[in-house]
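Next comes coords.cif, with mmCIF, C-alpha atoms.
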```cif
data_run
#
loop_
_atom_site.label_atom_id
_atom_site.label_comp_id
_atom_site.auth_asym_id
_atom_site.auth_seq_id
_atom_site.Cartn_x
_atom_site.Cartn_y
_atom_site.Cartn_z
CA GLN A 943 23.26 19.35 -20.71
CA THR A 944 20.73 21.76 -19.16
CA TYR A 945 17.92 19.32 -19.90
CA TYR A 946 19.68 16.41 -18.19
CA SER A 947 20.58 18.59 -15.23
CA ARG A 948 16.94 19.56 -14.77
CA LEU A 949 15.85 15.95 -15.19
CA LYS A 950 18.38 14.89 -12.56
CA MET A 951 17.18 17.51 -10.10
CA ASN A 952 13.51 16.61 -10.69
CA LYS A 953 14.19 12.96 -9.95
CA VAL A 954 16.14 13.80 -6.80
CA ALA A 955 13.41 16.19 -5.64
CA ALA A 956 10.73 13.55 -6.19
CA LEU A 957 12.66 11.00 -4.17
CA VAL A 958 13.39 13.42 -1.33
CA LEU A 959 9.74 14.47 -1.12
CA ALA A 960 8.58 10.86 -1.08
CA LEU A 961 11.04 9.91 1.65
CA ALA A 962 10.23 13.00 3.70
CA ALA A 963 6.49 12.39 3.47
CA GLY A 964 6.92 8.78 4.48
CA ALA A 965 9.28 9.51 7.35
CA SER A 966 6.89 12.08 8.80
CA ALA A 967 4.35 9.34 9.41
CA PHE A 968 6.67 7.79 12.01
CA VAL A 969 7.68 10.97 13.84
CA ALA A 970 5.85 11.70 17.03
CA PRO A 971 5.20 15.31 18.03
CA ARG A 972 7.51 16.75 20.65
CA ALA A 973 4.76 18.50 22.57
CA ALA A 974 2.21 16.56 24.59
CA VAL A 975 -1.07 16.01 22.74
CA THR A 976 -4.17 17.51 24.35
CA ARG A 977 -7.01 15.01 23.96
CA ALA A 978 -10.54 16.29 23.77
CA PRO A 979 -13.43 14.19 25.11
CA ALA A 980 -14.57 13.55 21.55
CA LEU A 981 -11.38 11.60 20.89
CA ALA A 982 -12.12 8.86 23.41
CA ALA A 983 -13.69 6.58 20.78
CA VAL A 984 -10.76 7.14 18.43
CA GLU A 985 -8.28 5.98 21.06
CA ASP A 986 -10.05 2.62 21.09
CA TYR A 987 -8.94 1.94 17.51
CA LEU A 988 -6.12 -0.57 17.29
CA GLY A 989 -2.88 0.91 16.04
CA ALA A 990 -3.88 4.50 16.80
CA ASP A 991 -0.65 5.05 18.73
CA VAL A 992 1.67 2.32 17.47
CA GLU A 993 4.24 4.48 15.69
CA THR A 994 3.72 7.72 17.62
CA ALA A 995 3.58 6.54 21.26
CA GLY A 996 0.37 8.50 21.67
CA LEU A 997 -2.55 9.74 19.63
CA TRP A 998 -1.25 12.14 16.99
CA ASP A 999 -3.67 13.94 14.72
CA PRO A 1000 -2.07 17.11 13.29
CA PHE A 1001 -4.79 17.50 10.64
CA GLY A 1002 -7.74 17.03 12.98
CA PHE A 1003 -9.22 14.02 11.22
CA THR A 1004 -10.43 12.55 14.50
CA LYS A 1005 -12.79 15.48 14.98
CA ASP A 1006 -14.94 14.45 12.01
CA GLY A 1007 -16.95 11.92 13.99
CA GLU A 1008 -17.04 8.16 14.43
CA ALA A 1009 -18.64 7.48 11.02
CA ALA A 1010 -15.77 9.23 9.22
CA MET A 1011 -13.17 7.45 11.35
CA TYR A 1012 -14.81 4.09 10.63
CA ARG A 1013 -14.67 4.76 6.87
CA ARG A 1014 -11.03 5.87 7.07
CA ARG A 1015 -10.01 2.81 9.08
CA CYS A 1016 -11.71 0.59 6.48
CA SER A 1017 -9.80 2.44 3.76
CA GLU A 1018 -6.51 2.15 5.65
CA ILE A 1019 -6.85 -1.61 6.04
CA LYS A 1020 -7.91 -2.04 2.42
CA HIS A 1021 -5.03 0.06 1.08
CA GLY A 1022 -2.61 -1.79 3.34
CA ARG A 1023 -3.75 -5.15 2.00
CA ILE A 1024 -3.49 -3.96 -1.60
CA ALA A 1025 -0.02 -2.54 -0.92
CA GLN A 1026 1.16 -5.84 0.54
CA LEU A 1027 0.02 -7.65 -2.61
CA ALA A 1028 1.66 -4.94 -4.73
CA VAL A 1029 5.02 -5.36 -2.97
CA ILE A 1030 4.88 -9.12 -3.52
CA GLY A 1031 3.99 -8.59 -7.17
CA PHE A 1032 6.80 -6.06 -7.61
CA ILE A 1033 9.35 -8.56 -6.31
CA MET A 1034 7.97 -11.75 -7.83
CA GLY A 1035 7.68 -10.18 -11.30
CA ASP A 1036 11.43 -10.61 -11.72
CA HIS A 1037 11.32 -14.28 -10.71
CA PHE A 1038 8.08 -15.75 -12.00
CA THR A 1039 5.57 -15.22 -14.80
CA LEU A 1040 2.40 -17.09 -15.66
CA PRO A 1041 2.47 -19.36 -18.72
CA GLY A 1042 0.41 -18.73 -21.81
CA LYS A 1043 -1.17 -15.71 -23.41
CA LEU A 1044 -2.02 -12.47 -21.63
CA ALA A 1045 -4.03 -11.18 -24.59
CA ALA A 1046 -5.03 -13.53 -27.37
CA PHE A 1047 -7.63 -11.38 -29.09
CA SER A 1048 -6.73 -7.68 -28.99
CA ALA A 1049 -2.98 -8.30 -29.13
CA ASP A 1050 -0.63 -11.26 -29.28
CA ILE A 1051 1.01 -10.79 -25.89
CA ASN A 1052 2.38 -13.50 -23.59
CA PHE A 1053 2.60 -13.14 -19.84
CA SER A 1054 6.35 -13.45 -20.24
CA ASP A 1055 6.32 -10.30 -22.40
CA VAL A 1056 5.17 -8.17 -19.47
CA PRO A 1057 8.16 -6.69 -17.59
CA ALA A 1058 8.33 -6.45 -13.83
CA GLY A 1059 7.72 -3.19 -12.03
CA MET A 1060 6.39 -0.02 -13.60
CA GLY A 1061 6.92 -1.33 -17.13
CA ALA A 1062 3.81 -3.47 -16.73
CA LEU A 1063 1.65 -0.34 -16.74
CA THR A 1064 2.24 0.21 -20.45
CA ALA A 1065 2.74 -3.43 -21.49
CA VAL A 1066 -0.75 -4.55 -20.46
CA PRO A 1067 -3.32 -3.48 -23.10
CA PRO A 1068 -6.24 -1.21 -22.13
CA LEU A 1069 -8.71 -4.09 -22.29
CA GLY A 1070 -6.62 -5.96 -19.74
CA TRP A 1071 -6.72 -3.02 -17.33
CA ALA A 1072 -10.49 -2.74 -17.88
CA GLN A 1073 -10.86 -6.39 -16.86
CA ILE A 1074 -8.73 -5.86 -13.74
CA ILE A 1075 -10.73 -2.80 -12.67
CA LEU A 1076 -14.03 -4.57 -13.36
CA PHE A 1077 -12.97 -7.62 -11.35
CA ALA A 1078 -11.85 -5.44 -8.42
CA GLY A 1079 -15.16 -3.55 -8.53
CA LEU A 1080 -17.18 -6.77 -8.49
CA MET A 1081 -15.22 -8.03 -5.49
CA GLU A 1082 -15.61 -4.68 -3.74
CA THR A 1083 -19.40 -4.62 -4.16
CA GLY A 1084 -19.92 -8.37 -3.91
CA PRO A 1085 -18.33 -11.02 -1.68
CA PHE A 1086 -15.82 -8.62 -0.10
CA LYS A 1087 -18.18 -5.73 0.57
CA GLN A 1088 -17.70 -4.13 3.99
CA ASP A 1089 -20.63 -4.72 6.31
CA PRO A 1090 -21.08 -1.54 8.42
CA LYS A 1091 -22.22 -3.74 11.31
CA LYS A 1092 -18.86 -5.49 11.44
CA ALA A 1093 -15.43 -4.28 12.49
CA PRO A 1094 -13.36 -2.38 9.88
CA GLY A 1095 -11.72 -4.80 7.49
CA ASP A 1096 -13.88 -7.77 8.54
CA ILE A 1097 -15.06 -8.77 5.09
CA ALA A 1098 -14.60 -12.54 5.27
CA SER A 1099 -17.86 -14.48 5.26
CA PHE A 1100 -16.34 -17.89 4.60
CA SER A 1101 -16.99 -20.68 7.06
CA TRP A 1102 -13.38 -21.82 6.89
CA TRP A 1103 -11.98 -18.38 7.75
CA VAL A 1104 -9.85 -18.38 10.90
CA ARG A 1105 -11.43 -16.57 13.84
CA TYR A 1106 -9.70 -15.85 17.15
CA ASP A 1107 -11.82 -16.04 20.29
CA ASP A 1108 -9.03 -14.78 22.52
CA LYS A 1109 -9.24 -10.97 22.40
CA ALA A 1110 -5.55 -10.51 23.19
CA VAL A 1111 -4.52 -12.80 20.35
CA ARG A 1112 -7.01 -11.20 17.97
CA ASP A 1113 -5.84 -7.67 18.79
CA LYS A 1114 -2.23 -8.71 18.30
CA LYS A 1115 -3.00 -10.21 14.88
CA LEU A 1116 -5.01 -7.17 13.77
CA THR A 1117 -2.31 -4.77 14.97
CA SER A 1118 0.30 -6.74 13.03
CA GLU A 1119 -1.85 -6.48 9.91
CA LEU A 1120 -2.12 -2.71 10.35
CA LYS A 1121 1.62 -2.30 10.84
CA ASN A 1122 2.48 -4.53 7.90
CA GLY A 1123 -0.02 -2.67 5.72
CA ARG A 1124 1.43 0.71 6.67
CA LEU A 1125 4.94 -0.54 5.99
CA ALA A 1126 3.84 -1.98 2.64
CA MET A 1127 2.28 1.35 1.60
CA MET A 1128 5.58 3.05 2.34
CA ALA A 1129 7.52 0.28 0.61
CA ILE A 1130 5.57 0.24 -2.65
CA MET A 1131 5.83 4.03 -2.94
CA GLY A 1132 9.58 3.86 -2.35
CA MET A 1133 10.00 1.03 -4.85
CA MET A 1134 8.10 2.91 -7.56
CA VAL A 1135 10.00 6.15 -6.99
CA GLN A 1136 13.33 4.36 -6.89
CA GLU A 1137 12.59 2.56 -10.15
CA GLU A 1138 11.79 5.88 -11.80
CA VAL A 1139 15.08 7.30 -10.49
CA THR A 1140 17.34 4.35 -11.33
CA GLY A 1141 15.49 2.75 -14.23
CA GLN A 1142 15.76 -0.61 -12.43
CA THR A 1143 13.39 -2.69 -10.36
CA LEU A 1144 14.29 -3.52 -6.76
CA VAL A 1145 15.55 -6.98 -7.72
CA ASN A 1146 17.63 -5.56 -10.60
CA GLN A 1147 19.18 -3.00 -8.25
CA PHE A 1148 20.33 -5.64 -5.78
CA GLN A 1149 21.55 -7.97 -8.54
CA SER A 1150 23.65 -5.22 -10.10
CA GLY A 1151 24.83 -3.78 -6.79
CA ASN A 1152 23.17 -0.45 -7.58
CA ILE A 1153 21.80 0.41 -4.15
CA ASN A 1154 22.62 4.11 -4.29
CA PRO A 1155 19.35 6.10 -4.04
CA PHE A 1156 20.99 8.93 -6.00
CA PRO A 1157 22.81 7.12 -8.83
CA HIS A 1158 23.10 10.22 -11.03
CA LEU A 1159 24.93 12.33 -8.46
#
```

Any chance you could put this one into structure tokens?
Amino acid sequence: QTYYSRLKMNKVAALVLALAAGASAFVAPRAAVTRAPALAAVEDYLGADVETAGLWDPFGFTKDGEAAMYRRRCSEIKHGRIAQLAVIGFIMGDHFTLPGKLAAFSADINFSDVPAGMGALTAVPPLGWAQIILFAGLMETGPFKQDPKKAPGDIASFSWWVRYDDKAVRDKKLTSELKNGRLAMMAIMGMMVQEEVTGQTLVNQFQSGNINPFPHL
């Protein structure tokens, strides 16, 4: 009984910490922010004050220079895009699977044998993960490599890629991408933590009516 009590408390603590960390990203400081001259370039970044109604930098990241801010904005956009794909994959895994074999040589595994959610981490063989990481690395250093001469996140070099000449429209689209990416990063973290707490994927939780974030209490 002591073991299960500790396990219950650990799961609750993990969920509370995750929710608290995520919620803090949307809370603006009560005191007015004093902006140094060095922060002028940072304020030009789209989405710098979307959730906080003003530039908020409690850890002083904006003081590291424009090069560091450029790298961090590239990382933020990239992580946001990956998180959006992850959220879609988390949800669609309960509704759709690819036909055929996932591994025909190292193991006899079908795509349909891979569960949705966190269970896929252990169902996919190591060689499969090696292929995924290798493919991502090739894309990162190849056709989708960030050109430092271009805006953060502008990695499309295809002639058919949609470009917006109207600055207002372009800024609106880019801001929407930033906001959706930030939301997706929060969402995928919440979905993973909740699955660890409940033992169910998001779709399973809604199908069974188990929407209590603390099911063991």

Ground truth for the PyMOL selection byres ((chain A and resi 1030) around 12), written as a PyMOL selection string: chain A and resi 1023-1029+1031-1038+1058-1059+1126-1127+1129-1130+1133+1144-1145

Atom-to-atom span, CA of Leu1116 in chain A and CA of Phe1003 in chain A, Å: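 Calculated distance between CA of Leu1116 in chain A and CA of Phe1003 in chain A is 21.8 Å.
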
Counting only C-alpha atoms, the option among A:Pro1041, A:Gly1084, A:Gly1061, A:Gly996 closest to Ala1098 in chain A: A:Gly1084

Residue IDs satisfying the PyMOL selection byres ((chain A and resi 1012) around 10), as a VMD selection string: chain A and resid 984 987 1007 to 1011 1013 to 1018 1090 1093 to 1095

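Reported to one decimal place, the separation of CA of Thr1140 in chain A from CA of Asp1055 in chain A is 21.4 Å.
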
Chain and number of each residue from the PyMOL selection byres ((chain A and resi 1137) around 12), as a ChimeraX atom specification: /A:953,956-957,1032,1058-1061,1130-1136,1138-1147,1152-1157

Would you save the residues from that selection as a short mmCIF file (atom, residue, chain, number, x, y, z; two decimals), keeping the file's coordinate frame, using C-alpha atoms?
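Result file follows (part.cif):
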```
data_model
loop_
_atom_site.label_atom_id
_atom_site.label_comp_id
_atom_site.auth_asym_id
_atom_site.auth_seq_id
_atom_site.Cartn_x
_atom_site.Cartn_y
_atom_site.Cartn_z
CA LYS A 953 14.19 12.96 -9.95
CA ALA A 956 10.73 13.55 -6.19
CA LEU A 957 12.66 11.00 -4.17
CA PHE A 1032 6.80 -6.06 -7.61
CA ALA A 1058 8.33 -6.45 -13.83
CA GLY A 1059 7.72 -3.19 -12.03
CA MET A 1060 6.39 -0.02 -13.60
CA GLY A 1061 6.92 -1.33 -17.13
CA ILE A 1130 5.57 0.24 -2.65
CA MET A 1131 5.83 4.03 -2.94
CA GLY A 1132 9.58 3.86 -2.35
CA MET A 1133 10.00 1.03 -4.85
CA MET A 1134 8.10 2.91 -7.56
CA VAL A 1135 10.00 6.15 -6.99
CA GLN A 1136 13.33 4.36 -6.89
CA GLU A 1138 11.79 5.88 -11.80
CA VAL A 1139 15.08 7.30 -10.49
CA THR A 1140 17.34 4.35 -11.33
CA GLY A 1141 15.49 2.75 -14.23
CA GLN A 1142 15.76 -0.61 -12.43
CA THR A 1143 13.39 -2.69 -10.36
CA LEU A 1144 14.29 -3.52 -6.76
CA VAL A 1145 15.55 -6.98 -7.72
CA ASN A 1146 17.63 -5.56 -10.60
CA GLN A 1147 19.18 -3.00 -8.25
CA ASN A 1152 23.17 -0.45 -7.58
CA ILE A 1153 21.80 0.41 -4.15
CA ASN A 1154 22.62 4.11 -4.29
CA PRO A 1155 19.35 6.10 -4.04
CA PHE A 1156 20.99 8.93 -6.00
CA PRO A 1157 22.81 7.12 -8.83
#
```

Closest of A:Phe1100, A:Tyr1106, A:Thr1039, A:Ala1045 to Trp1071 in chain A - atom-to-atom distances counting all atoms listed in the file: A:Ala1045

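The spacing separating CA of Gln1073 in chain A from CA of Val1056 in chain A amounts to 16.3 Å.
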